$ cat entry.cif   # mmCIF, C-alpha atoms
data_entry
loop_
_atom_site.label_atom_id
_atom_site.label_comp_id
_atom_site.auth_asym_id
_atom_site.auth_seq_id
_atom_site.Cartn_x
_atom_site.Cartn_y
_atom_site.Cartn_z
CA MET A 29 0.00 0.00 0.00
CA CYS A 30 2.78 2.38 0.94
CA LEU A 31 4.66 1.34 -2.18
CA ALA A 32 6.61 4.23 -3.68
CA VAL A 33 8.54 3.97 -6.92
CA PRO A 34 11.60 6.02 -7.93
CA GLY A 35 11.38 7.94 -11.18
CA GLN A 36 13.24 10.79 -12.86
CA LEU A 37 11.67 14.21 -13.29
CA LEU A 38 11.75 15.15 -16.99
CA SER A 39 9.84 18.43 -16.90
CA ALA A 40 7.67 20.47 -14.55
CA SER A 41 4.80 22.84 -15.16
CA GLY A 42 2.31 25.01 -13.30
CA ASP A 43 2.66 27.73 -10.65
CA ASP A 44 -0.10 26.79 -8.21
CA PRO A 45 1.70 24.98 -5.34
CA LEU A 46 -1.22 22.55 -5.00
CA THR A 47 -1.42 21.46 -8.62
CA ARG A 48 2.17 21.86 -9.88
CA ALA A 49 2.90 18.73 -11.87
CA GLY A 50 5.76 17.05 -13.66
CA ARG A 51 6.42 14.36 -16.22
CA VAL A 52 8.25 11.54 -14.47
CA SER A 53 9.94 8.60 -16.18
CA PHE A 54 9.83 5.21 -14.50
CA GLY A 55 12.37 3.27 -16.54
CA GLY A 56 10.87 4.74 -19.73
CA ILE A 57 7.20 4.71 -18.70
CA ILE A 58 6.15 8.33 -18.35
CA LYS A 59 3.41 9.56 -16.03
CA ASP A 60 2.15 12.96 -14.89
CA ILE A 61 2.91 13.32 -11.21
CA ASN A 62 1.80 15.96 -8.72
CA LEU A 63 4.74 17.92 -7.22
CA ALA A 64 2.91 19.72 -4.38
CA PHE A 65 5.03 18.00 -1.72
CA VAL A 66 8.41 18.52 -3.40
CA PRO A 67 8.62 22.23 -4.26
CA GLU A 68 12.43 21.86 -4.23
CA ALA A 69 12.46 19.27 -7.06
CA VAL A 70 14.29 20.25 -10.25
CA VAL A 71 14.42 18.54 -13.63
CA GLY A 72 16.80 15.58 -13.49
CA ASP A 73 16.04 14.76 -9.85
CA TYR A 74 14.88 11.29 -8.90
CA LEU A 75 11.61 11.37 -7.00
CA LEU A 76 9.91 8.77 -4.88
CA VAL A 77 6.34 8.59 -6.15
CA HIS A 78 3.29 7.25 -4.33
CA ALA A 79 -0.35 7.39 -5.53
CA GLY A 80 0.39 10.04 -8.14
CA PHE A 81 2.33 12.31 -5.76
CA ALA A 82 6.07 12.74 -5.33
CA ILE A 83 6.72 12.29 -1.59
CA SER A 84 10.50 12.72 -1.51
CA VAL A 85 13.45 13.82 -3.62
CA ILE A 86 16.05 11.04 -3.55
CA ASP A 87 19.36 12.24 -2.14
CA GLU A 88 21.98 10.86 -4.51
CA GLN A 89 24.85 11.14 -2.06
CA GLU A 90 22.94 9.36 0.71
CA ALA A 91 21.88 6.68 -1.77
CA GLY A 92 25.52 5.65 -2.18
CA ARG A 93 26.26 5.22 1.53
CA ILE A 94 25.22 1.59 1.72
CA PHE A 95 27.78 0.79 -0.98
CA ASP A 96 30.47 2.53 1.09
CA LEU A 97 29.49 0.24 3.96
CA LEU A 98 29.72 -2.78 1.68
CA ARG A 99 33.21 -1.74 0.59
CA GLU A 100 34.22 -1.40 4.23
CA LEU A 101 32.83 -4.87 4.95
CA ASP A 102 34.77 -6.16 1.96
CA GLN A 103 37.97 -4.78 3.48
CA GLY A 104 37.18 -6.61 6.71
CA ASP A 105 36.42 -3.43 8.61
CA ASP A 106 33.51 -4.64 10.73
CA ALA A 107 31.51 -1.46 10.51
CA GLY A 108 28.10 -1.74 12.08
CA LYS A 109 28.07 2.01 12.16
CA PRO A 110 24.88 3.90 11.40
CA PRO A 111 24.84 5.59 8.03
CA ALA A 112 24.03 9.04 9.42
CA MET B 716 15.63 0.68 -12.71
CA LYS B 717 17.89 3.12 -10.92
CA TYR B 718 17.50 3.05 -7.11
CA ILE B 719 15.91 -0.41 -7.30
CA ASP B 720 18.19 -2.87 -9.09
CA GLU B 721 21.38 -2.01 -7.24
CA TYR B 722 19.60 -2.60 -3.91
CA ARG B 723 18.72 -6.16 -4.95
CA ASP B 724 22.28 -7.37 -5.63
CA PRO B 725 22.47 -10.94 -4.23
CA ARG B 726 26.23 -10.74 -3.54
CA ALA B 727 25.81 -7.58 -1.50
CA ALA B 728 22.86 -9.16 0.32
CA ALA B 729 25.01 -12.17 1.24
CA GLN B 730 27.70 -9.80 2.52
CA LEU B 731 25.22 -7.95 4.74
CA ALA B 732 23.81 -11.27 5.98
CA ASP B 733 27.37 -12.40 6.89
CA HIS B 734 27.86 -9.18 8.77
CA ILE B 735 24.63 -9.82 10.71
CA ALA B 736 25.73 -13.39 11.51
CA ARG B 737 29.05 -12.08 12.84
CA ILE B 738 27.54 -9.47 15.17
CA THR B 739 24.70 -11.65 16.51
CA THR B 740 25.51 -13.40 19.79
CA ARG B 741 22.01 -13.84 21.27
CA PRO B 742 18.41 -14.41 20.15
CA TRP B 743 16.54 -11.26 19.19
CA THR B 744 12.95 -10.55 18.11
CA ILE B 745 12.47 -7.70 15.65
CA MET B 746 9.21 -6.49 14.13
CA GLU B 747 9.04 -4.97 10.68
CA VAL B 748 6.05 -2.68 10.82
CA CYS B 749 5.18 -2.19 7.18
CA GLY B 750 3.39 -4.74 5.02
CA GLY B 751 5.54 -3.71 2.07
CA GLN B 752 8.59 -4.81 4.05
CA THR B 753 6.85 -8.07 5.03
CA HIS B 754 6.17 -8.74 1.36
CA ALA B 755 9.80 -8.01 0.42
CA ILE B 756 11.16 -10.19 3.26
CA VAL B 757 9.08 -13.22 2.29
CA ARG B 758 9.43 -12.67 -1.47
CA HIS B 759 13.21 -12.39 -1.39
CA GLY B 760 13.67 -14.91 1.42
CA ILE B 761 15.50 -12.37 3.59
CA ASP B 762 14.44 -14.13 6.80
CA LEU B 763 16.13 -17.30 5.52
CA LEU B 764 19.46 -15.44 5.23
CA LEU B 765 19.44 -14.57 8.93
CA PRO B 766 20.85 -16.55 11.86
CA GLU B 767 18.18 -18.85 13.34
CA SER B 768 18.35 -16.88 16.58
CA ILE B 769 16.78 -13.85 14.87
CA THR B 770 12.97 -13.88 14.82
CA LEU B 771 11.14 -11.50 12.52
CA LEU B 772 7.58 -10.60 13.50
CA HIS B 773 5.32 -9.15 10.85
CA GLY B 774 3.60 -6.00 12.05
CA PRO B 775 0.23 -4.38 11.40
CA GLY B 776 1.41 -2.04 8.63
CA CYS B 777 -1.13 -2.97 6.00
CA PRO B 778 -3.94 -0.40 5.81
CA VAL B 779 -6.02 -2.73 3.64
CA CYS B 780 -5.78 -5.42 6.34
CA VAL B 781 -6.69 -3.22 9.31
CA THR B 782 -9.67 -1.42 7.76
CA PRO B 783 -12.58 -2.47 10.01
CA VAL B 784 -15.27 -4.63 8.46
CA GLU B 785 -17.93 -1.97 9.24
CA LEU B 786 -16.12 0.48 6.94
CA ILE B 787 -16.00 -2.11 4.16
CA ASP B 788 -19.76 -2.56 4.64
CA LYS B 789 -20.25 1.21 4.40
CA ALA B 790 -18.17 1.28 1.21
CA ILE B 791 -20.32 -1.51 -0.25
CA GLU B 792 -23.49 0.35 0.74
CA LEU B 793 -22.24 3.51 -1.01
CA ALA B 794 -21.06 1.59 -4.07
CA SER B 795 -24.54 0.12 -4.43
CA HIS B 796 -26.17 3.59 -4.66
CA GLN B 797 -27.37 4.15 -8.21
CA ASP B 798 -25.98 7.67 -8.57
CA VAL B 799 -22.61 6.93 -6.96
CA ILE B 800 -19.32 6.24 -8.72
CA PHE B 801 -17.21 4.57 -6.05
CA CYS B 802 -13.46 5.00 -6.58
CA SER B 803 -10.87 2.93 -4.75
CA PHE B 804 -7.34 1.62 -4.90
CA GLY B 805 -7.57 -1.86 -6.40
CA ASP B 806 -6.52 -3.86 -3.36
CA MET B 807 -9.69 -2.92 -1.43
CA LEU B 808 -12.06 -4.62 -3.87
CA ARG B 809 -11.73 -8.18 -2.59
CA VAL B 810 -11.51 -7.40 1.12
CA PRO B 811 -14.39 -9.30 2.71
CA GLY B 812 -17.07 -7.23 4.43
CA SER B 813 -19.57 -8.92 6.71
CA VAL B 814 -21.59 -10.29 3.76
CA ASN B 815 -19.66 -9.67 0.55
CA ASP B 816 -17.02 -7.39 -0.99
CA LEU B 817 -16.78 -4.39 -3.33
CA LEU B 818 -16.13 -6.65 -6.30
CA THR B 819 -19.50 -8.33 -5.70
CA ALA B 820 -21.14 -4.88 -5.46
CA LYS B 821 -19.57 -4.11 -8.84
CA ALA B 822 -20.76 -7.41 -10.33
CA ARG B 823 -24.28 -6.56 -9.16
CA GLY B 824 -24.25 -3.30 -11.10
CA GLY B 825 -22.48 -0.89 -8.74
CA ASP B 826 -20.21 1.59 -10.52
CA VAL B 827 -16.93 0.73 -8.78
CA ARG B 828 -13.75 2.06 -10.38
CA ILE B 829 -10.14 1.32 -9.58
CA VAL B 830 -7.98 4.43 -9.51
CA TYR B 831 -4.23 4.92 -9.14
CA SER B 832 -4.40 8.32 -7.44
CA PRO B 833 -7.06 10.31 -5.57
CA LEU B 834 -6.57 12.90 -8.31
CA ASP B 835 -8.07 10.40 -10.77
CA ALA B 836 -11.25 10.54 -8.68
CA ILE B 837 -11.19 14.35 -8.94
CA THR B 838 -10.99 14.01 -12.74
CA ILE B 839 -13.94 11.58 -12.72
CA ALA B 840 -15.92 14.05 -10.56
CA ARG B 841 -15.27 16.87 -13.04
CA GLU B 842 -16.30 14.68 -15.96
CA ASN B 843 -19.49 13.46 -14.24
CA PRO B 844 -21.12 16.51 -12.65
CA HIS B 845 -24.47 14.72 -12.23
CA ARG B 846 -23.07 11.74 -10.36
CA GLU B 847 -21.73 11.50 -6.81
CA ILE B 848 -18.08 10.47 -6.73
CA VAL B 849 -16.90 8.81 -3.51
CA PHE B 850 -13.23 7.97 -2.97
CA PHE B 851 -12.24 5.33 -0.41
CA GLY B 852 -9.70 7.10 1.80
CA ILE B 853 -7.46 4.20 2.74
CA GLY B 854 -3.84 4.37 3.79
CA PHE B 855 -1.21 5.37 6.30
CA GLU B 856 0.45 8.76 6.56
CA THR B 857 2.21 7.95 3.27
CA THR B 858 -1.12 8.15 1.45
CA ALA B 859 -3.15 10.53 3.63
CA PRO B 860 -1.45 13.74 2.36
CA SER B 861 -2.33 12.93 -1.26
CA ASN B 862 -5.95 12.36 -0.16
CA ALA B 863 -5.89 15.65 1.76
CA ALA B 864 -4.53 17.39 -1.36
CA ALA B 865 -7.41 15.96 -3.41
CA ILE B 866 -9.95 17.25 -0.86
CA MET B 867 -8.32 20.68 -0.92
CA GLN B 868 -8.36 20.69 -4.72
CA ALA B 869 -12.04 19.70 -4.72
CA LYS B 870 -12.77 22.65 -2.43
CA GLN B 871 -10.82 25.05 -4.66
CA LEU B 872 -12.65 23.72 -7.72
CA GLY B 873 -16.02 23.97 -5.97
CA LEU B 874 -16.71 20.28 -6.66
CA SER B 875 -19.87 19.51 -4.71
CA ASN B 876 -20.18 15.97 -6.11
CA PHE B 877 -16.90 14.68 -4.60
CA SER B 878 -16.47 13.14 -1.17
CA VAL B 879 -14.17 10.75 0.66
CA LEU B 880 -14.98 7.82 2.95
CA PRO B 881 -12.33 8.34 5.64
CA ALA B 882 -10.45 5.22 6.73
CA TRP B 883 -6.87 6.46 7.13
CA VAL B 884 -4.75 4.97 9.88
CA ALA B 885 -1.75 6.32 11.76
CA VAL B 886 1.20 4.01 12.33
CA LEU B 887 3.00 5.44 15.37
CA PRO B 888 0.05 4.93 17.79
CA ALA B 889 -0.17 1.31 16.61
CA MET B 890 3.55 0.75 17.26
CA GLN B 891 3.13 2.29 20.70
CA ALA B 892 0.15 0.02 21.39
CA ILE B 893 2.20 -3.05 20.44
CA ALA B 894 5.18 -1.89 22.51
CA ALA B 895 2.96 -1.11 25.52
CA SER B 896 1.11 -4.44 25.37
CA GLY B 897 4.35 -6.38 25.22
CA ALA B 898 2.71 -8.39 22.43
CA GLY B 899 5.10 -10.81 20.81
CA LYS B 900 7.93 -9.48 23.02
CA VAL B 901 9.17 -7.15 20.30
CA GLN B 902 12.73 -6.02 21.11
CA ALA B 903 13.27 -3.67 18.17
CA PHE B 904 11.27 -2.14 15.35
CA LEU B 905 12.04 -1.52 11.71
CA ALA B 906 9.95 1.59 11.11
CA ALA B 907 8.13 2.07 7.81
CA GLY B 908 10.35 4.12 5.49
CA HIS B 909 7.67 5.75 3.40
CA VAL B 910 5.52 6.77 6.37
CA CYS B 911 8.69 8.39 7.74
CA ALA B 912 9.35 10.11 4.38
CA ILE B 913 6.21 12.10 5.24
CA MET B 914 6.23 12.17 9.05
CA GLY B 915 9.97 12.18 9.77
CA TYR B 916 11.20 10.32 12.83
CA ALA B 917 11.52 12.91 15.60
CA GLU B 918 8.37 11.49 17.21
CA TYR B 919 9.95 8.04 17.42
CA GLU B 920 12.77 9.30 19.63
CA ASP B 921 10.51 9.61 22.66
CA MET B 922 9.10 6.14 21.99
CA ALA B 923 12.56 4.56 21.68
CA SER B 924 13.66 5.89 25.05
CA ARG B 925 10.30 5.34 26.81
CA PHE B 926 10.10 1.66 25.85
CA HIS B 927 13.87 1.18 25.56
CA LEU B 928 13.45 -0.16 22.03
CA PRO B 929 15.77 0.43 19.08
CA ILE B 930 13.84 1.82 16.10
CA VAL B 931 15.46 1.82 12.67
CA VAL B 932 13.76 3.72 9.86
CA THR B 933 14.17 1.28 6.98
CA GLY B 934 13.59 1.15 3.23
CA PHE B 935 11.98 -1.58 1.16
CA GLU B 936 14.62 -3.22 -0.98
CA PRO B 937 16.52 -6.31 0.21
CA LEU B 938 19.74 -4.40 0.96
CA ASP B 939 17.77 -1.75 2.84
CA ILE B 940 16.06 -4.35 5.01
CA LEU B 941 19.29 -6.25 5.70
CA GLN B 942 21.11 -3.04 6.61
CA GLY B 943 18.18 -1.98 8.82
CA LEU B 944 18.25 -5.34 10.59
CA GLY B 945 22.03 -5.06 11.04
CA LEU B 946 21.66 -1.64 12.65
CA ALA B 947 18.86 -2.89 14.95
CA ILE B 948 20.87 -5.97 15.96
CA SER B 949 24.00 -3.96 16.73
CA GLN B 950 21.93 -1.67 18.95
CA LEU B 951 20.45 -4.71 20.73
CA GLU B 952 23.85 -6.33 21.15
CA GLN B 953 25.28 -3.09 22.59
CA GLY B 954 22.26 -2.38 24.82
CA ARG B 955 21.39 0.84 22.98
CA ALA B 956 17.83 2.01 22.24
CA GLU B 957 18.01 4.80 19.69
CA VAL B 958 16.31 5.91 16.53
CA GLU B 959 18.50 5.38 13.49
CA ASN B 960 17.75 6.16 9.88
CA GLN B 961 18.80 3.52 7.36
CA TYR B 962 16.70 5.08 4.58
CA THR B 963 18.64 8.35 4.39
CA ARG B 964 18.21 8.68 0.64
CA ALA B 965 14.47 9.32 1.12
CA VAL B 966 13.83 10.19 4.78
CA ARG B 967 14.79 13.33 6.71
CA ARG B 968 14.30 13.74 10.45
CA GLU B 969 11.67 16.46 9.98
CA GLY B 970 9.84 14.53 7.26
CA ASN B 971 8.11 16.24 4.35
CA GLN B 972 6.96 19.61 5.65
CA PRO B 973 4.67 20.64 2.74
CA ALA B 974 2.88 17.27 2.93
CA ARG B 975 2.51 17.41 6.71
CA LYS B 976 1.16 20.97 6.59
CA LEU B 977 -1.40 20.07 3.97
CA MET B 978 -2.44 16.95 5.84
CA ASP B 979 -2.80 18.89 9.12
CA ALA B 980 -4.95 21.51 7.40
CA VAL B 981 -7.49 18.93 6.16
CA LEU B 982 -7.24 15.95 8.50
CA MET B 983 -7.03 15.41 12.26
CA PRO B 984 -6.15 12.48 14.52
CA VAL B 985 -9.01 10.39 15.92
CA ASP B 986 -9.37 7.09 17.74
CA ARG B 987 -9.91 4.36 15.18
CA LYS B 988 -10.84 0.69 15.30
CA TRP B 989 -8.24 -1.51 13.60
CA ARG B 990 -9.56 -4.74 12.19
CA GLY B 991 -8.47 -7.64 14.35
CA ILE B 992 -6.85 -5.37 16.95
CA GLY B 993 -9.52 -3.03 18.35
CA ILE B 994 -9.65 0.69 19.07
CA ILE B 995 -6.26 2.41 18.95
CA PRO B 996 -6.22 5.87 20.57
CA GLY B 997 -5.12 8.36 17.91
CA GLY B 998 -4.84 5.45 15.48
CA GLY B 999 -6.79 7.08 12.67
CA LEU B 1000 -7.29 10.30 10.72
CA ALA B 1001 -10.61 12.05 10.07
CA ILE B 1002 -11.68 15.02 7.96
CA ARG B 1003 -11.72 18.37 9.79
CA GLN B 1004 -14.97 20.31 10.25
CA GLU B 1005 -13.91 22.94 7.65
CA TYR B 1006 -13.97 20.20 5.02
CA ALA B 1007 -16.98 18.29 6.40
CA SER B 1008 -18.93 18.63 3.14
CA PHE B 1009 -16.34 16.28 1.59
CA ASP B 1010 -16.85 13.62 4.28
CA ALA B 1011 -18.90 10.82 2.70
CA GLU B 1012 -20.00 9.47 6.10
CA LYS B 1013 -21.64 12.81 6.90
CA LYS B 1014 -22.83 13.53 3.38
CA PHE B 1015 -24.67 10.23 3.02
CA GLY B 1016 -25.67 9.98 6.68
CA LEU B 1017 -24.04 6.59 7.12
CA THR B 1018 -24.79 5.31 10.58
CA SER B 1019 -22.51 3.10 12.56
CA MET B 1020 -22.93 -0.56 11.88
CA VAL B 1021 -21.82 -3.56 13.85
CA ALA B 1022 -20.40 -6.46 11.91
CA ASP B 1023 -19.19 -9.91 12.80
CA GLU B 1024 -15.82 -11.30 11.79
CA SER B 1025 -14.99 -14.85 10.80
CA THR B 1026 -14.38 -16.83 13.98
CA VAL B 1027 -11.73 -19.10 12.47
CA CYS B 1028 -9.50 -16.36 11.05
CA ILE B 1029 -6.63 -15.30 13.33
CA SER B 1030 -5.61 -12.21 11.33
CA GLY B 1031 -5.85 -10.04 14.45
CA LEU B 1032 -3.14 -12.11 16.14
CA ILE B 1033 -1.08 -12.15 12.94
CA LEU B 1034 -1.29 -8.35 12.67
CA GLN B 1035 0.09 -8.03 16.19
CA GLY B 1036 2.95 -10.41 15.51
CA LEU B 1037 1.54 -12.98 17.98
CA LYS B 1038 1.01 -15.69 15.37
CA LYS B 1039 2.39 -16.56 11.95
CA PRO B 1040 0.18 -17.47 8.97
CA HIS B 1041 1.05 -21.18 9.28
CA ASP B 1042 -0.41 -21.18 12.79
CA CYS B 1043 -3.91 -20.60 11.37
CA PRO B 1044 -6.03 -23.73 10.85
CA ALA B 1045 -7.68 -22.06 7.84
CA PHE B 1046 -4.42 -21.04 6.08
CA GLY B 1047 -4.50 -22.37 2.52
CA ASN B 1048 -7.69 -24.34 3.17
CA PRO B 1049 -10.28 -22.91 3.04
CA CYS B 1050 -8.64 -19.44 3.25
CA THR B 1051 -6.84 -18.45 0.02
CA PRO B 1052 -6.28 -15.14 -1.81
CA GLU B 1053 -9.19 -16.11 -4.10
CA ARG B 1054 -11.53 -16.81 -1.16
CA PRO B 1055 -10.05 -14.92 1.78
CA LEU B 1056 -11.57 -15.20 5.27
CA GLY B 1057 -9.61 -12.24 6.56
CA ALA B 1058 -7.88 -9.20 5.18
CA THR B 1059 -4.32 -10.44 5.78
CA MET B 1060 -5.00 -12.96 2.99
CA VAL B 1061 -6.33 -10.29 0.60
CA SER B 1062 -3.74 -7.59 0.28
CA SER B 1063 -0.46 -8.67 -1.28
CA GLU B 1064 1.11 -6.93 1.71
CA GLY B 1065 -0.84 -9.00 4.21
CA ALA B 1066 1.38 -11.59 5.86
CA CYS B 1067 -0.96 -14.47 4.94
CA ALA B 1068 -1.05 -13.57 1.25
CA ALA B 1069 2.74 -13.20 1.15
CA TYR B 1070 3.20 -16.62 2.82
CA TYR B 1071 0.58 -18.18 0.54
CA ARG B 1072 2.40 -16.92 -2.52
CA TYR B 1073 6.00 -17.52 -1.54
CA ARG B 1074 6.08 -19.81 1.49
CA ARG B 1075 3.13 -22.21 1.39
CA VAL B 1076 5.03 -24.88 3.27
CA PRO B 1077 6.85 -23.81 6.45
CA SER B 1078 10.54 -23.53 5.64
CA ARG B 1079 11.83 -23.50 9.19
#

$ encode --input "entry.cif" --output "structure tokens"
Amino acid sequence: MCLAVPGQLLSASGDDPLTRAGRVSFGGIIKDINLAFVPEAVVGDYLLVHAGFAISVIDEQEAGRIFDLLRELDQGDDAGKPPA
Amino acid sequence: MKYIDEYRDPRAAAQLADHIARITTRPWTIMEVCGGQTHAIVRHGIDLLLPESITLLHGPGCPVCVTPVELIDKAIELASHQDVIFCSFGDMLRVPGSVNDLLTAKARGGDVRIVYSPLDAITIARENPHREIVFFGIGFETTAPSNAAAIMQAKQLGLSNFSVLPAWVAVLPAMQAIAASGAGKVQAFLAAGHVCAIMGYAEYEDMASRFHLPIVVTGFEPLDILQGLGLAISQLEQGRAEVENQYTRAVRREGNQPARKLMDAVLMPVDRKWRGIGIIPGGGLAIRQEYASFDAEKKFGLTSMVADESTVCISGLILQGLKKPHDCPAFGNPCTPERPLGATMVSSEGACAAYYRYRRVPSR
């Protein structure tokens, strides 16, 4: 139910904060998505989309942290450290 | 797809599972709250990668499952009205009410339509000015803001033929109820990442210290869940009880402020009955007085109904993590996703449906 799918913002239109919308590509499938909850989103951003609304802008830097942890584990550094 | 595929890498999953095995010295019981996480755990066999001393309990985080049978009956009553177009997310259609389900109402001539977004219902309302459009307001805080936005849009557009049957549920009060009851002896929680994308996790900090329970905000892909479990287990092993955020790419401590503001403007917390669990104080969301004309219960004068549940079905115990699907005498026979006795068998995020699909025979 709370499923949210990442997609890339291709374009945005509209000035009304409640109805501002964008075209979002989900691996090539394009849908119109409401941007009311992500006023900070700019074209090129990856958004997490749920029920036709973007609920979060994916932070690219944070997205890579788990792979840093995996590299540390690979090097035998037993890092159970929190990511933030 | 980017931000999905790389989080499903089997080699990386094995590495995280090894890490968990190395840091685990004692038995621990951890509850994943969200049905989406339950589905992912059973689908990908994540529980089978863990040391046998780790027990995962599946929590109540499936809004479809916890919607009380009376509300399903009200939905069916509305859907049977001749001038009503009843709009719902698809997974509500086969949830059993006390007599039948929304799909049966549709088969008998009710105009029931599956929509992807509450905004689709707004579009239908604009296209059908002489019909009454009712949207089934199901979901946690992940979904509630989008419903609130639709109600606000309807008000701005002056749509008098649009209303919502409110059935939203709030997840934190349910987690607190489970922690307070000691049900299932939960020692740590994986909190639902997408609820936290909206609500943030500042409110969990008080809960973590009050109940001395580690809470890890966790995403939905296999690597997310394994990392979340690793963080929870290291807290347990070290005797810590803190809130940690595994899902940093999507969740900020303060949550999504525009969504929370909009939700607060339209909706307010209320006590709500959860199917199989009972009344949870503050466990639901209702439409504020300023938007009462969009409240389908008020608009159609629906009175409270009392409905009986199946006596065999143990979905209430499953939702609280007290039982697993295989413990139910009806699991698989006669209860199946095609002929469900309870809601945990209906929604793909219900524990019973996930076990039926991926784990029909107990694997441990």

$ interface_residues --input "entry.cif" --of "chain B" --to "chain A" --cutoff "6 Å" --atoms "all atoms listed in the file" --output "list of chain:residue names"
B:Met716, B:Tyr831, B:Ser832, B:Thr963, B:Arg964, B:Ala965, B:Pro973, B:Ala974

$ resolve_selection --input "entry.cif" --expression "the PyMOL selection byres ((chain B and resi 938) around 9)" --output "VMD selection string"
(chain A and resid 94) or (chain B and resid 721 to 725 727 to 728 731 934 to 937 939 to 943)

$ write_last_selection --input "entry.cif" --atoms "C-alpha atoms" --output "PDB file, in the frame of the given file"
ATOM      1  CA  ILE A  94      25.220   1.590   1.720  1.00  0.00           C
TER       2      ILE A  94
ATOM      3  CA  GLU B 721      21.380  -2.010  -7.240  1.00  0.00           C
ATOM      4  CA  TYR B 722      19.600  -2.600  -3.910  1.00  0.00           C
ATOM      5  CA  ARG B 723      18.720  -6.160  -4.950  1.00  0.00           C
ATOM      6  CA  ASP B 724      22.280  -7.370  -5.630  1.00  0.00           C
ATOM      7  CA  PRO B 725      22.470 -10.940  -4.230  1.00  0.00           C
ATOM      8  CA  ALA B 727      25.810  -7.580  -1.500  1.00  0.00           C
ATOM      9  CA  ALA B 728      22.860  -9.160   0.320  1.00  0.00           C
ATOM     10  CA  LEU B 731      25.220  -7.950   4.740  1.00  0.00           C
ATOM     11  CA  GLY B 934      13.590   1.150   3.230  1.00  0.00           C
ATOM     12  CA  PHE B 935      11.980  -1.580   1.160  1.00  0.00           C
ATOM     13  CA  GLU B 936      14.620  -3.220  -0.980  1.00  0.00           C
ATOM     14  CA  PRO B 937      16.520  -6.310   0.210  1.00  0.00           C
ATOM     15  CA  ASP B 939      17.770  -1.750   2.840  1.00  0.00           C
ATOM     16  CA  ILE B 940      16.060  -4.350   5.010  1.00  0.00           C
ATOM     17  CA  LEU B 941      19.290  -6.250   5.700  1.00  0.00           C
ATOM     18  CA  GLN B 942      21.110  -3.040   6.610  1.00  0.00           C
ATOM     19  CA  GLY B 943      18.180  -1.980   8.820  1.00  0.00           C
TER      20      GLY B 943
END

$ resolve_selection --input "entry.cif" --expression "the PyMOL selection byres ((chain B and resi 1045) around 12)" --output "PDB file with C-alpha atoms, in the frame of the given file"
ATOM      1  CA  SER B1025     -14.990 -14.850  10.800  1.00  0.00           C
ATOM      2  CA  THR B1026     -14.380 -16.830  13.980  1.00  0.00           C
ATOM      3  CA  VAL B1027     -11.730 -19.100  12.470  1.00  0.00           C
ATOM      4  CA  CYS B1028      -9.500 -16.360  11.050  1.00  0.00           C
ATOM      5  CA  ILE B1029      -6.630 -15.300  13.330  1.00  0.00           C
ATOM      6  CA  SER B1030      -5.610 -12.210  11.330  1.00  0.00           C
ATOM      7  CA  PRO B1040       0.180 -17.470   8.970  1.00  0.00           C
ATOM      8  CA  HIS B1041       1.050 -21.180   9.280  1.00  0.00           C
ATOM      9  CA  ASP B1042      -0.410 -21.180  12.790  1.00  0.00           C
ATOM     10  CA  CYS B1043      -3.910 -20.600  11.370  1.00  0.00           C
ATOM     11  CA  PRO B1044      -6.030 -23.730  10.850  1.00  0.00           C
ATOM     12  CA  PHE B1046      -4.420 -21.040   6.080  1.00  0.00           C
ATOM     13  CA  GLY B1047      -4.500 -22.370   2.520  1.00  0.00           C
ATOM     14  CA  ASN B1048      -7.690 -24.340   3.170  1.00  0.00           C
ATOM     15  CA  PRO B1049     -10.280 -22.910   3.040  1.00  0.00           C
ATOM     16  CA  CYS B1050      -8.640 -19.440   3.250  1.00  0.00           C
ATOM     17  CA  THR B1051      -6.840 -18.450   0.020  1.00  0.00           C
ATOM     18  CA  PRO B1052      -6.280 -15.140  -1.810  1.00  0.00           C
ATOM     19  CA  ARG B1054     -11.530 -16.810  -1.160  1.00  0.00           C
ATOM     20  CA  PRO B1055     -10.050 -14.920   1.780  1.00  0.00           C
ATOM     21  CA  LEU B1056     -11.570 -15.200   5.270  1.00  0.00           C
ATOM     22  CA  GLY B1057      -9.610 -12.240   6.560  1.00  0.00           C
ATOM     23  CA  MET B1060      -5.000 -12.960   2.990  1.00  0.00           C
ATOM     24  CA  CYS B1067      -0.960 -14.470   4.940  1.00  0.00           C
ATOM     25  CA  TYR B1071       0.580 -18.180   0.540  1.00  0.00           C
TER      26      TYR B1071
END

$ resolve_selection --input "entry.cif" --expression "the PyMOL selection byres ((chain B and resi 976-985) around 8)" --output "number ranges by chain"
B: 859-860, 863-864, 866-867, 972-975, 986-987, 996-1003, 1005-1006

$ closest_residue --input "entry.cif" --among "B:Leu786, B:Ala840, B:Ala912, B:Ile992" --to "Met1020 in chain B" --atoms "only C-alpha atoms"
B:Leu786

$ residues_around --input "entry.cif" --residues "Asn843 in chain B" --least-positions-apart "4" --cutoff "12 Å" --atoms "all atoms listed in the file" --output "ChimeraX atom specification"
/B:798-800,836-839,847-849,874-877

$ residues_around --input "entry.cif" --residues "Arg955 in chain B" --least-positions-apart "5" --cutoff "9 Å" --atoms "only C-alpha atoms" --output "ChimeraX atom specification"
/B:927-929,949-950

$ atom_distance --input "entry.cif" --atom1 "CA of Gly760 in chain B" --atom2 "CA of Arg1074 in chain B"
9.0 Å

$ atom_distance --input "entry.cif" --atom1 "CA of Ala820 in chain B" --atom2 "CA of Pro844 in chain B"
22.6 Å
